[in-house]
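Next comes upload35.csv, with CSV, C-alpha atoms and all ligand atoms.
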```csv
chain,number,residue,atom,x,y,z
A,23,MET,CA,-158.1,-44.3,-31.2
A,24,LYS,CA,-158.3,-48.0,-32.2
A,25,ILE,CA,-161.5,-49.2,-33.5
A,26,ARG,CA,-162.6,-52.6,-34.6
A,27,ARG,CA,-166.0,-52.8,-36.0
A,28,ILE,CA,-168.0,-54.9,-38.4
A,29,VAL,CA,-170.3,-52.8,-40.5
A,30,LEU,CA,-172.5,-54.0,-43.3
A,31,PHE,CA,-170.8,-57.3,-43.9
A,32,ALA,CA,-174.3,-58.5,-43.3
A,33,SER,CA,-176.2,-57.1,-46.2
A,34,MET,CA,-174.4,-59.7,-48.3
A,35,VAL,CA,-175.4,-62.5,-46.0
A,36,ALA,CA,-179.0,-61.7,-46.6
A,37,LEU,CA,-178.4,-61.6,-50.4
A,38,VAL,CA,-176.7,-65.0,-50.3
A,39,ALA,CA,-179.6,-66.4,-48.3
A,40,LEU,CA,-182.0,-65.1,-50.9
A,41,GLY,CA,-180.0,-66.5,-53.7
A,42,VAL,CA,-180.0,-63.2,-55.6
A,43,ALA,CA,-178.7,-63.6,-59.1
A,44,VAL,CA,-175.4,-61.9,-59.9
A,45,THR,CA,-175.4,-59.1,-62.4
A,46,VAL,CA,-172.6,-56.8,-61.4
A,47,ALA,CA,-171.8,-53.6,-63.2
A,48,SER,CA,-168.3,-54.8,-63.4
A,49,ALA,CA,-167.1,-53.1,-66.6
A,50,ALA,CA,-165.0,-50.0,-65.9
A,51,PRO,CA,-166.1,-46.9,-67.8
A,52,ALA,CA,-165.0,-47.2,-71.4
A,53,ALA,CA,-163.7,-43.6,-71.7
A,54,PRO,CA,-161.2,-42.4,-69.0
A,55,PRO,CA,-163.2,-40.3,-66.5
A,56,THR,CA,-162.8,-36.5,-66.4
A,57,PRO,CA,-160.2,-35.8,-63.8
A,58,GLY,CA,-161.8,-34.7,-60.5
A,59,ASP,CA,-161.1,-31.7,-58.3
A,60,PRO,CA,-159.1,-32.6,-55.2
A,61,VAL,CA,-160.5,-29.7,-53.1
A,62,LYS,CA,-164.0,-30.8,-53.7
A,63,GLY,CA,-162.9,-34.4,-53.1
A,64,LYS,CA,-161.5,-33.4,-49.7
A,65,TYR,CA,-165.0,-32.3,-48.8
A,66,ILE,CA,-166.6,-35.5,-49.9
A,67,PHE,CA,-164.0,-37.4,-47.9
A,68,SER,CA,-165.0,-35.4,-44.8
A,69,ALA,CA,-168.7,-35.9,-45.5
A,70,ALA,CA,-167.9,-39.7,-45.7
A,71,GLY,CA,-166.6,-39.5,-42.1
A,72,GLY,CA,-163.0,-39.7,-43.1
A,73,CYS,CA,-162.8,-43.4,-44.4
A,74,GLY,CA,-161.7,-44.3,-40.8
A,75,CYS,CA,-161.5,-48.0,-41.3
A,76,HIS,CA,-158.4,-47.5,-43.4
A,77,GLY,CA,-156.6,-45.8,-40.4
A,78,VAL,CA,-155.6,-42.3,-39.5
A,79,ASN,CA,-152.8,-42.6,-42.1
A,80,LEU,CA,-155.1,-44.4,-44.6
A,81,ALA,CA,-152.4,-47.1,-45.0
A,82,GLY,CA,-154.7,-50.0,-44.1
A,83,TYR,CA,-154.4,-52.7,-41.5
A,84,ASN,CA,-151.2,-53.3,-39.7
A,85,PRO,CA,-150.8,-55.4,-36.5
A,86,ALA,CA,-149.1,-52.4,-34.9
A,87,GLY,CA,-152.5,-50.7,-34.6
A,88,ALA,CA,-153.1,-47.0,-34.8
A,89,PRO,CA,-152.4,-44.9,-36.9
A,90,PHE,CA,-153.0,-47.9,-39.2
A,91,GLY,CA,-156.4,-49.3,-40.0
A,92,GLU,CA,-158.7,-52.1,-39.0
A,93,GLN,CA,-159.2,-55.8,-39.5
A,94,PHE,CA,-162.7,-57.4,-39.4
A,95,ALA,CA,-163.1,-60.9,-38.1
A,96,GLY,CA,-166.3,-62.9,-38.2
A,97,PRO,CA,-167.9,-66.1,-39.5
A,98,PHE,CA,-166.8,-65.0,-43.0
A,99,GLY,CA,-163.1,-65.1,-42.1
A,100,THR,CA,-160.8,-62.1,-41.7
A,101,VAL,CA,-160.8,-59.0,-43.9
A,102,TYR,CA,-158.2,-56.3,-43.7
A,103,ALA,CA,-158.7,-52.6,-44.6
A,104,ARG,CA,-156.5,-51.9,-47.6
A,105,ASN,CA,-153.8,-49.3,-48.1
A,106,ILE,CA,-155.4,-46.4,-50.0
A,107,THR,CA,-152.5,-44.1,-49.9
A,108,SER,CA,-150.6,-43.3,-53.2
A,109,ASP,CA,-147.7,-45.7,-52.4
A,110,LYS,CA,-146.9,-47.4,-55.7
A,111,ASN,CA,-146.0,-50.8,-54.3
A,112,THR,CA,-148.4,-51.3,-51.3
A,113,GLY,CA,-151.1,-48.7,-51.9
A,114,VAL,CA,-153.1,-47.5,-54.9
A,115,GLY,CA,-150.4,-45.3,-56.5
A,116,ASN,CA,-150.4,-47.4,-59.6
A,117,TRP,CA,-154.1,-47.7,-60.1
A,118,THR,CA,-155.8,-45.7,-62.8
A,119,ASP,CA,-158.6,-43.2,-61.9
A,120,ALA,CA,-161.1,-45.6,-63.6
A,121,GLN,CA,-159.9,-48.5,-61.4
A,122,LEU,CA,-160.2,-46.4,-58.2
A,123,ILE,CA,-163.7,-45.3,-59.3
A,124,ASN,CA,-164.7,-48.9,-60.1
A,125,ALA,CA,-163.5,-49.9,-56.6
A,126,ILE,CA,-165.5,-47.2,-54.8
A,127,HIS,CA,-168.7,-47.5,-57.0
A,128,ASN,CA,-168.7,-51.3,-57.7
A,129,GLY,CA,-166.3,-52.9,-55.3
A,130,ILE,CA,-163.9,-54.3,-57.9
A,131,ASP,CA,-160.2,-53.9,-57.5
A,132,ASP,CA,-157.4,-53.3,-60.0
A,133,LYS,CA,-157.1,-57.0,-60.7
A,134,GLY,CA,-160.9,-57.3,-61.4
A,135,GLU,CA,-161.4,-59.1,-58.0
A,136,HIS,CA,-164.5,-58.4,-55.9
A,137,LEU,CA,-163.8,-56.6,-52.6
A,138,PHE,CA,-165.5,-57.9,-49.5
A,139,PRO,CA,-168.6,-55.8,-48.9
A,140,ILE,CA,-167.4,-54.5,-45.5
A,141,MET,CA,-166.2,-51.9,-47.9
A,142,PRO,CA,-169.5,-50.1,-48.3
A,143,TYR,CA,-169.5,-50.0,-52.1
A,144,ASN,CA,-173.2,-50.8,-52.2
A,145,THR,CA,-173.7,-47.4,-50.5
A,146,PHE,CA,-171.1,-45.6,-52.4
A,147,HIS,CA,-172.5,-47.0,-55.6
A,148,PHE,CA,-175.1,-44.2,-55.3
A,149,MET,CA,-172.5,-41.5,-54.9
A,150,SER,CA,-172.5,-39.4,-58.1
A,151,ASP,CA,-169.8,-39.9,-60.8
A,152,ALA,CA,-168.7,-36.3,-60.3
A,153,ASP,CA,-168.3,-36.7,-56.5
A,154,VAL,CA,-166.4,-40.0,-56.9
A,155,ALA,CA,-164.0,-38.5,-59.5
A,156,ASP,CA,-163.3,-35.6,-57.0
A,157,LEU,CA,-162.8,-38.1,-54.2
A,158,VAL,CA,-160.3,-40.0,-56.3
A,159,ALA,CA,-158.4,-36.8,-57.1
A,160,PHE,CA,-158.2,-36.1,-53.4
A,161,LEU,CA,-156.9,-39.6,-52.6
A,162,ARG,CA,-154.0,-38.9,-55.0
A,163,THR,CA,-152.9,-36.1,-52.7
A,164,VAL,CA,-152.7,-38.4,-49.6
A,165,PRO,CA,-149.0,-38.9,-48.6
A,166,ALA,CA,-147.7,-42.4,-49.6
A,167,VAL,CA,-147.2,-44.8,-46.7
A,168,SER,CA,-145.5,-48.1,-47.4
A,169,ASN,CA,-147.6,-50.8,-45.7
A,170,GLU,CA,-148.1,-54.3,-47.1
A,171,VAL,CA,-151.6,-55.4,-46.0
A,172,PRO,CA,-152.1,-59.1,-45.6
A,173,VAL,CA,-154.3,-61.0,-48.0
A,174,ASN,CA,-157.9,-61.6,-46.7
A,175,LYS,CA,-158.6,-65.0,-45.2
A,176,LEU,CA,-162.1,-65.8,-46.3
A,177,ASN,CA,-164.1,-68.9,-45.4
A,178,GLY,CA,-166.1,-68.7,-48.7
A,179,PRO,CA,-166.5,-66.8,-51.9
A,180,VAL,CA,-167.0,-63.0,-51.7
A,181,PRO,CA,-170.8,-62.6,-51.7
A,182,PRO,CA,-172.3,-61.2,-55.0
A,183,ALA,CA,-173.2,-57.6,-55.2
A,184,PRO,CA,-177.0,-57.0,-55.6
A,185,PRO,CA,-178.1,-55.8,-59.0
A,186,LEU,CA,-178.1,-52.0,-58.8
A,187,PRO,CA,-179.1,-49.2,-61.2
A,188,PRO,CA,-176.4,-47.1,-62.7
A,189,SER,CA,-174.7,-44.6,-60.4
A,190,PRO,CA,-176.1,-41.0,-60.8
A,191,ALA,CA,-174.0,-38.6,-62.9
A,192,THR,CA,-174.4,-35.6,-60.5
A,193,SER,CA,-175.7,-35.1,-57.0
A,194,PRO,CA,-178.6,-32.9,-55.6
A,195,VAL,CA,-177.3,-29.5,-54.6
A,196,SER,CA,-179.7,-28.5,-51.8
A,197,GLY,CA,-182.7,-29.2,-49.6
A,198,VAL,CA,-184.1,-32.5,-48.4
A,199,GLU,CA,-182.9,-34.3,-51.5
A,200,ARG,CA,-179.3,-33.2,-50.8
A,201,GLY,CA,-179.8,-34.4,-47.2
A,202,LYS,CA,-181.1,-37.8,-48.4
A,203,TYR,CA,-178.1,-38.1,-50.8
A,204,LEU,CA,-175.6,-37.4,-48.0
A,205,VAL,CA,-177.2,-39.7,-45.5
A,206,THR,CA,-177.7,-42.6,-47.8
A,207,ALA,CA,-174.9,-42.4,-50.4
A,208,VAL,CA,-172.0,-40.5,-48.8
A,209,SER,CA,-172.1,-40.4,-44.9
A,210,ASP,CA,-173.6,-43.9,-44.6
A,211,CYS,CA,-175.4,-43.0,-41.4
A,212,GLY,CA,-177.4,-46.3,-41.8
A,213,ALA,CA,-174.3,-48.5,-41.5
A,214,CYS,CA,-174.5,-47.8,-37.8
A,215,HIS,CA,-178.0,-46.4,-37.2
A,216,THR,CA,-180.1,-48.9,-39.1
A,217,PRO,CA,-180.7,-52.2,-37.3
A,218,THR,CA,-180.0,-55.5,-38.9
A,219,ASN,CA,-182.6,-58.2,-39.6
A,220,ALA,CA,-182.3,-61.9,-38.7
A,221,GLN,CA,-180.3,-62.6,-41.9
A,222,GLY,CA,-177.9,-59.8,-41.0
A,223,GLY,CA,-179.0,-57.4,-43.7
A,224,PRO,CA,-180.2,-53.8,-43.0
A,225,ASP,CA,-183.8,-53.8,-41.7
A,226,MET,CA,-185.2,-51.1,-44.0
A,227,THR,CA,-188.6,-51.1,-42.2
A,228,LYS,CA,-186.6,-49.6,-39.3
A,229,MET,CA,-184.4,-47.3,-41.3
A,230,LEU,CA,-182.2,-45.2,-38.9
A,231,ALA,CA,-184.2,-46.5,-35.9
A,232,GLY,CA,-181.0,-47.5,-34.0
A,233,GLY,CA,-178.5,-50.3,-34.3
A,234,LEU,CA,-175.8,-52.1,-32.3
A,235,VAL,CA,-172.4,-52.0,-33.9
A,236,PRO,CA,-170.0,-54.9,-33.1
A,237,ARG,CA,-166.8,-53.7,-31.5
A,238,GLU,CA,-163.6,-55.4,-30.4
A,239,GLY,CA,-163.8,-58.2,-27.8
A,240,GLY,CA,-167.5,-59.1,-28.6
A,241,THR,CA,-168.9,-55.9,-27.3
A,242,PHE,CA,-171.4,-53.6,-29.0
A,243,GLN,CA,-171.9,-49.8,-29.1
A,244,VAL,CA,-175.4,-48.5,-29.3
A,245,ALA,CA,-176.0,-46.2,-32.3
A,246,PRO,CA,-179.3,-44.6,-31.2
A,247,ASN,CA,-182.6,-44.2,-33.0
A,248,ILE,CA,-182.3,-41.0,-35.1
A,249,THR,CA,-185.8,-41.1,-36.6
A,250,PRO,CA,-188.2,-38.3,-35.5
A,251,ALA,CA,-189.9,-40.6,-32.9
A,252,ASN,CA,-190.4,-38.6,-29.8
A,253,ALA,CA,-190.0,-41.2,-27.0
A,254,THR,CA,-187.2,-43.4,-28.5
A,255,GLY,CA,-185.7,-41.2,-31.3
A,256,ILE,CA,-184.6,-37.6,-31.7
A,257,GLY,CA,-188.0,-36.1,-32.4
A,258,TYR,CA,-187.3,-33.4,-29.7
A,259,TRP,CA,-184.0,-32.3,-31.3
A,260,THR,CA,-184.4,-29.1,-33.4
A,261,PRO,CA,-182.7,-29.1,-36.9
A,262,GLN,CA,-180.1,-26.8,-35.4
A,263,ASN,CA,-179.5,-29.3,-32.5
A,264,ILE,CA,-178.6,-31.9,-35.2
A,265,VAL,CA,-176.3,-29.4,-37.0
A,266,THR,CA,-174.5,-28.5,-33.8
A,267,TYR,CA,-174.1,-32.1,-32.9
A,268,LEU,CA,-172.6,-33.1,-36.3
A,269,LYS,CA,-170.4,-30.1,-36.7
A,270,GLU,CA,-169.3,-29.3,-33.1
A,271,GLY,CA,-169.9,-32.5,-31.3
A,272,SER,CA,-172.4,-31.2,-28.8
A,273,GLY,CA,-176.1,-32.0,-28.6
A,274,PRO,CA,-179.1,-31.1,-26.5
A,275,ASN,CA,-179.2,-32.3,-22.8
A,276,GLY,CA,-175.4,-32.4,-22.7
A,277,ARG,CA,-175.2,-35.1,-25.3
A,278,VAL,CA,-171.7,-35.5,-26.8
A,279,PRO,CA,-170.7,-38.0,-29.4
A,280,ASP,CA,-168.8,-40.9,-28.0
A,281,GLY,CA,-166.9,-43.9,-29.6
A,282,LEU,CA,-167.7,-44.4,-33.3
A,283,MET,CA,-169.8,-41.3,-33.6
A,284,ALA,CA,-166.9,-39.2,-32.1
A,285,GLU,CA,-164.7,-40.7,-34.8
A,286,VAL,CA,-166.9,-39.8,-37.8
A,287,VAL,CA,-167.5,-36.3,-36.3
A,288,ALA,CA,-163.8,-35.6,-35.6
A,289,GLY,CA,-162.4,-37.6,-38.6
A,290,GLY,CA,-159.1,-39.4,-38.6
A,291,PHE,CA,-156.8,-38.4,-41.4
A,292,GLY,CA,-156.3,-34.6,-41.2
A,293,GLY,CA,-159.3,-34.3,-38.8
A,294,LEU,CA,-161.6,-34.5,-41.9
A,295,GLY,CA,-165.0,-35.7,-40.7
A,296,PHE,CA,-168.6,-34.5,-40.2
A,297,ASN,CA,-167.1,-31.4,-38.4
A,298,LYS,CA,-166.1,-30.1,-41.9
A,299,LEU,CA,-169.7,-30.2,-43.3
A,300,THR,CA,-171.0,-26.8,-44.5
A,301,ASP,CA,-173.9,-25.4,-42.5
A,302,ALA,CA,-176.1,-25.9,-45.5
A,303,ASP,CA,-175.2,-29.6,-45.9
A,304,ALA,CA,-175.6,-30.3,-42.1
A,305,LEU,CA,-178.9,-28.5,-42.3
A,306,ALA,CA,-179.9,-30.6,-45.3
A,307,ILE,CA,-179.1,-33.8,-43.3
A,308,ALA,CA,-181.2,-32.5,-40.4
A,309,SER,CA,-184.1,-31.7,-42.8
A,310,PHE,CA,-183.9,-35.2,-44.3
A,311,LEU,CA,-183.8,-36.8,-40.8
A,312,LYS,CA,-187.0,-34.7,-39.9
A,313,SER,CA,-188.7,-35.9,-43.0
A,314,ILE,CA,-188.4,-39.7,-42.5
A,315,PRO,CA,-191.1,-41.8,-40.8
A,316,PRO,CA,-190.7,-41.9,-37.0
A,317,VAL,CA,-190.0,-45.4,-35.8
A,318,ASN,CA,-190.7,-46.1,-32.2
A,319,SER,CA,-188.0,-48.7,-31.5
A,320,VAL,CA,-185.0,-49.2,-29.2
A,321,PRO,CA,-181.9,-50.9,-30.7
A,322,LYS,CA,-181.7,-54.6,-29.8
A,323,LEU,CA,-178.9,-57.1,-30.3
A,324,PRO,CA,-179.3,-58.7,-33.8
A,325,ARG,CA,-180.1,-62.4,-33.4
A,326,MET,CA,-177.2,-63.5,-35.4
A,327,ALA,CA,-174.6,-61.5,-33.5
A,328,ALA,CA,-176.3,-62.5,-30.2
A,329,ALA,CA,-175.8,-66.2,-30.8
A,330,ALA,CA,-172.8,-67.2,-28.7
A,331,PRO,CA,-170.6,-70.1,-29.8
A,332,SER,CA,-172.5,-73.2,-28.7
A,333,THR,CA,-169.7,-75.6,-27.9
A,334,TRP,CA,-166.9,-75.1,-25.4
A,335,GLU,CA,-164.3,-75.6,-28.2
A,336,ALA,CA,-165.9,-72.8,-30.2
A,337,GLN,CA,-166.0,-70.5,-27.1
A,338,PHE,CA,-162.4,-71.3,-26.4
A,339,GLN,CA,-161.4,-70.6,-30.0
A,340,ALA,CA,-163.3,-67.3,-29.9
A,341,ALA,CA,-161.7,-66.3,-26.6
A,342,HIS,CA,-158.1,-67.4,-27.3
A,343,GLY,CA,-157.9,-67.2,-31.1
A,344,ARG,CA,-156.7,-70.9,-31.3
A,345,ALA,CA,-158.1,-74.3,-30.8
A,346,PRO,CA,-157.8,-75.9,-27.4
A,347,THR,CA,-154.8,-78.2,-26.8
A,348,ALA,CA,-154.9,-81.6,-25.0
A,349,GLN,CA,-153.7,-79.8,-21.9
A,350,ASP,CA,-156.5,-77.2,-22.2
A,351,ILE,CA,-159.0,-80.0,-22.4
A,352,ALA,CA,-157.5,-81.8,-19.4
A,353,ASP,CA,-157.6,-78.5,-17.4
A,354,ARG,CA,-161.2,-78.1,-18.3
A,355,ASP,CA,-162.2,-81.6,-17.3
A,356,TRP,CA,-160.3,-81.1,-14.0
A,357,SER,CA,-162.1,-77.8,-13.3
A,358,LEU,CA,-165.5,-79.4,-14.0
A,359,GLU,CA,-164.7,-82.3,-11.6
A,360,PHE,CA,-163.5,-79.7,-9.0
A,361,VAL,CA,-166.9,-77.8,-9.2
A,362,ALA,CA,-168.8,-81.1,-8.9
A,363,LYS,CA,-166.7,-82.2,-5.8
A,364,ASN,CA,-166.4,-78.8,-4.0
A,365,GLY,CA,-169.5,-76.9,-5.1
A,366,ARG,CA,-167.4,-73.9,-6.1
A,367,ALA,CA,-165.1,-72.9,-9.0
A,368,PRO,CA,-161.3,-73.4,-8.4
A,369,THR,CA,-159.5,-70.3,-7.2
A,370,GLU,CA,-156.1,-69.2,-8.4
A,371,ALA,CA,-154.5,-71.1,-5.5
A,372,ASP,CA,-156.3,-74.3,-6.5
A,373,TRP,CA,-155.0,-74.0,-10.0
A,374,VAL,CA,-151.4,-73.4,-8.8
A,375,ALA,CA,-151.7,-76.5,-6.6
A,376,ARG,CA,-152.9,-78.5,-9.6
A,377,TRP,CA,-150.0,-77.3,-11.8
A,378,LYS,CA,-147.5,-78.0,-9.1
A,379,GLN,CA,-148.9,-81.5,-8.7
A,380,SER,CA,-148.9,-82.2,-12.5
A,381,ALA,CA,-145.4,-80.8,-12.9
A,382,GLN,CA,-144.0,-83.5,-10.5
A,401,LIG,C1,-169.6,-45.5,-37.6
A,401,LIG,C2,-170.9,-45.6,-37.1
A,401,LIG,C3,-171.7,-44.3,-37.2
A,401,LIG,C4,-172.0,-43.5,-38.3
A,401,LIG,C5,-171.4,-43.8,-39.7
A,401,LIG,C6,-172.9,-42.5,-37.9
A,401,LIG,N1,-173.2,-42.6,-36.6
A,401,LIG,FE1,-174.4,-41.3,-35.5
A,401,LIG,N2,-173.9,-42.4,-33.8
A,401,LIG,C7,-173.1,-43.5,-33.7
A,401,LIG,C8,-173.0,-43.9,-32.3
A,401,LIG,C9,-172.3,-45.2,-31.8
A,401,LIG,C10,-173.7,-43.0,-31.6
A,401,LIG,C11,-173.8,-43.0,-30.0
A,401,LIG,C12,-172.8,-42.0,-29.5
A,401,LIG,C13,-172.8,-41.9,-28.0
A,401,LIG,O1,-173.3,-42.8,-27.4
A,401,LIG,O2,-172.3,-40.9,-27.6
A,401,LIG,C14,-174.3,-42.0,-32.5
A,401,LIG,C15,-175.0,-40.9,-32.1
A,401,LIG,C16,-175.7,-40.1,-33.0
A,401,LIG,C17,-176.6,-39.1,-32.6
A,401,LIG,C18,-177.1,-38.7,-31.2
A,401,LIG,C19,-178.3,-39.4,-30.9
A,401,LIG,C20,-178.7,-39.4,-29.4
A,401,LIG,O3,-179.9,-39.8,-29.1
A,401,LIG,O4,-177.9,-39.0,-28.6
A,401,LIG,C21,-177.0,-38.5,-33.8
A,401,LIG,C22,-178.0,-37.3,-33.9
A,401,LIG,C23,-176.4,-39.1,-34.9
A,401,LIG,N3,-175.5,-40.1,-34.4
A,401,LIG,C24,-176.5,-38.8,-36.2
A,401,LIG,C25,-175.8,-39.4,-37.2
A,401,LIG,C26,-175.9,-39.0,-38.6
A,401,LIG,C27,-176.9,-37.9,-39.1
A,401,LIG,C28,-175.0,-39.7,-39.3
A,401,LIG,C29,-174.7,-39.6,-40.8
A,401,LIG,C30,-174.4,-38.3,-41.3
A,401,LIG,C31,-174.3,-40.6,-38.4
A,401,LIG,N4,-174.9,-40.4,-37.1
A,401,LIG,C32,-173.4,-41.5,-38.7
A,401,LIG,C33,-172.5,-44.2,-34.8
A,401,LIG,C34,-172.5,-43.7,-36.1
```

Structure re-expressed in structure tokens:
Amino acid sequence: MKIRRIVLFASMVALVALGVAVTVASAAPAAPPTPGDPVKGKYIFSAAGGCGCHGVNLAGYNPAGAPFGEQFAGPFGTVYARNITSDKNTGVGNWTDAQLINAIHNGIDDKGEHLFPIMPYNTFHFMSDADVADLVAFLRTVPAVSNEVPVNKLNGPVPPAPPLPPSPATSPVSGVERGKYLVTAVSDCGACHTPTNAQGGPDMTKMLAGGLVPREGGTFQVAPNITPANATGIGYWTPQNIVTYLKEGSGPNGRVPDGLMAEVVAGGFGGLGFNKLTDADALAIASFLKSIPPVNSVPKLPRMAAAAPSTWEAQFQAAHGRAPTAQDIADRDWSLEFVAKNGRAPTEADWVARWKQSAQ
């Protein structure tokens, strides 16, 4: 399944707008990290929804589409999901464990360059050192796929990371705290389910109260309100309903996950997604969701995303992926004159007649 989505690029827009000072924890750990456990790492990978942006083969963006990963286009430019397989030339096969950990925790690549924050490192920053080491050990086991991902085309500098406390060494093992950890640091439910504010950052006053996630072709998918609000959220779902939905893809009232939710439940690479959560972890997530404040709210289109290009040239560029040519402009002027004269838009036959005429 091909997905194109833009998640979380926005938190940075907000930070830039606020002029937040840059203090990035850029230094890689001095001592080489203790090697992780790939079996545990496979579980973390599943709980993270399968890192789907990187593609079913995890080899990053390729114009061929699935099983390759995604590209994200927006006002910031174009960002390509990178190859995270162990291929030595085009993937991360030559990166050290410390470099991979630094990329996941702090968004800094093997060359010391900042990754664009569509990669949710501001979320994964709160994943424990132990879990990230395990995740890295699992990534080492992913079959190498040779795929050279294009260099990002950015319209400006990579936005600075916000100042963050150090990552935790270990993660909570059970209960609501475990659920909070999974939801906010690993599974990143908020990337889709928390609405964005006018600056494009996550609106934490409405945490998990429903968002609209940009998809291909200017469309959006509703990620519903999953706070315990009764009328607009999932207050009426029992914890077991939530567990069954996450693990088996079936909810109360015949609800089945569709689109992006289906992808994080089913997983891409190896079918590793929320479906692989242990009962205890799925229940911990459900307990956390039951413990947060109910927010009575229905997802609305964020203002920034709703703003359509204002000029015809910008609309043309958005629709066709190129600037209008002189011929396009002449065609447009002709169609406007046609509407003024005839009180209706030109039909296909009218266009054909015009082209025949201008070809003479
Ligand atoms: C990649 C985006 C994304 C992520 C990450 C994500 N979701 Fe969803 N979720 C969605 C979308 C989109 C839907 C709507 C699916 C549909 O319409 O069938 C949804 C639906 C749901 C529903 C059903 C709500 C209803 O009223 O039908 C629940 C419950 C849910 N998600 C919980 C979670 C939890 C818990 C997490 C984290 C562990 C999570 N989701 C992570 C996008 C996401």

Separation of atom O3 of ligand LIG 401 (chain A) from CA of Pro246 in chain A, in Å and rounded to one decimal: 5.3 Å

Using only C-alpha atoms and all ligand atoms, find each residue in chain A having at least one atom no more than 9 Å away from ligand LIG 401 (chain A); report its shortest atom-to-atom pair and that distance in Å (one decimal), rows by chain then rising number, as CSV.
```
residue,atom,partner,partner_atom,distance
A:Arg27,CA,A:LIG401,C1,8.3
A:Val29,CA,A:LIG401,C1,7.9
A:Ala69,CA,A:LIG401,C30,7.5
A:Ala70,CA,A:LIG401,C30,8.0
A:Gly71,CA,A:LIG401,C5,6.9
A:Gly74,CA,A:LIG401,C1,8.6
A:Gly201,CA,A:LIG401,C30,8.9
A:Leu204,CA,A:LIG401,C30,6.9
A:Val205,CA,A:LIG401,C30,5.2
A:Thr206,CA,A:LIG401,C29,8.2
A:Val208,CA,A:LIG401,C30,8.2
A:Ser209,CA,A:LIG401,C30,4.8
A:Asp210,CA,A:LIG401,C5,5.4
A:Cys211,CA,A:LIG401,C29,3.5
A:Gly212,CA,A:LIG401,C5,6.8
A:Ala213,CA,A:LIG401,C5,5.8
A:Cys214,CA,A:LIG401,C2,4.3
A:His215,CA,A:LIG401,N1,6.2
A:Leu230,CA,A:LIG401,C25,8.8
A:Gly232,CA,A:LIG401,N2,8.7
A:Gly233,CA,A:LIG401,C9,8.4
A:Leu234,CA,A:LIG401,C9,7.8
A:Val235,CA,A:LIG401,C9,7.1
A:Phe242,CA,A:LIG401,C9,8.9
A:Gln243,CA,A:LIG401,C9,5.3
A:Val244,CA,A:LIG401,C9,5.2
A:Ala245,CA,A:LIG401,C8,3.8
A:Pro246,CA,A:LIG401,O3,5.3
A:Asn247,CA,A:LIG401,O3,6.5
A:Ile248,CA,A:LIG401,C22,5.8
A:Thr254,CA,A:LIG401,O3,8.2
A:Gly255,CA,A:LIG401,O3,6.4
A:Ile256,CA,A:LIG401,O3,5.8
A:Trp259,CA,A:LIG401,C22,8.2
A:Asn263,CA,A:LIG401,C22,8.3
A:Ile264,CA,A:LIG401,C22,5.6
A:Val265,CA,A:LIG401,C22,8.7
A:Tyr267,CA,A:LIG401,C22,6.6
A:Leu268,CA,A:LIG401,C24,6.9
A:Gly273,CA,A:LIG401,O4,7.2
A:Pro274,CA,A:LIG401,O4,8.3
A:Asn275,CA,A:LIG401,O4,9.0
A:Arg277,CA,A:LIG401,O4,5.8
A:Val278,CA,A:LIG401,O2,5.5
A:Pro279,CA,A:LIG401,O2,3.8
A:Asp280,CA,A:LIG401,O2,3.5
A:Gly281,CA,A:LIG401,C9,6.0
A:Leu282,CA,A:LIG401,C1,4.8
A:Met283,CA,A:LIG401,C7,4.0
A:Ala284,CA,A:LIG401,C12,7.0
A:Glu285,CA,A:LIG401,C1,7.4
A:Val286,CA,A:LIG401,C1,6.3
A:Val287,CA,A:LIG401,C32,8.2
A:Phe296,CA,A:LIG401,C30,7.0
A:Ala304,CA,A:LIG401,C30,8.1
A:Ile307,CA,A:LIG401,C27,6.3
A:Ala308,CA,A:LIG401,C27,7.0
A:Leu311,CA,A:LIG401,C27,7.2
```

CA of Lys228 in chain A to CA of Val317 in chain A, straight-line distance in Å: 6.4 Å

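Omitting range 260-262 of chain A and its sequence neighbours fewer than 3 positions away, and counting only C-alpha atoms, the residues within 8 Å are Gly257, Val265, Thr266, Leu305, Ala308, Ser309 and Lys312 of chain A.
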
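With all atoms listed in the file as the atoms that count, the minimum distance from Asn111 in chain A to the choices A:Ala166, A:Gly91, A:Gly134, A:Gly63 is reached by A:Ala166.
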
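The space separating CA of Pro316 in chain A from CA of Lys202 in chain A comes to 15.5 Å.
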
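By all atoms listed in the file, and with residues fewer than 5 positions from range 118-132 of chain A along its chain excluded, the set lying at most 6 Å from it is Ala50, Leu137, Tyr143, Phe146 and His147 of chain A.
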
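Of the listed residues (A:Pro194, A:Gly290, A:Gly276, A:Pro236), A:Pro194 comes nearest to Ser150 in chain A; the distances count only C-alpha atoms.
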
Counting all atoms listed in the file, the option among A:Asp303, A:Glu92, A:Glu359, A:Asp372 closest to Glu199 in chain A: A:Asp303

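Distance check against Pro179 in chain A using all atoms listed in the file: of A:Lys322, A:His136, A:His76, A:Lys110, the minimum falls on A:His136.
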
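Proximity of A:Ala159, A:Ile66, A:Met141, A:Val195 to Phe94 in chain A, computed with all atoms listed in the file, is greatest for A:Met141.
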
With all atoms of range 81-100 of chain A from the file as input, state the centre and edge lengths in Å to one decimal of the axis-aligned box that has 4 Å extra on each side, as lines of an AutoDock Vina configuration file.
```
center_x = -158.5
center_y = -55.5
center_z = -39.8
size_x = 26.8
size_y = 29.2
size_z = 18.4
```

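The shortest atom-to-atom distance to Phe310 in chain A, with all atoms listed in the file taken into account, belongs to A:Ser196 out of A:Gln379, A:Ser196, A:Asn364, A:Gln339.
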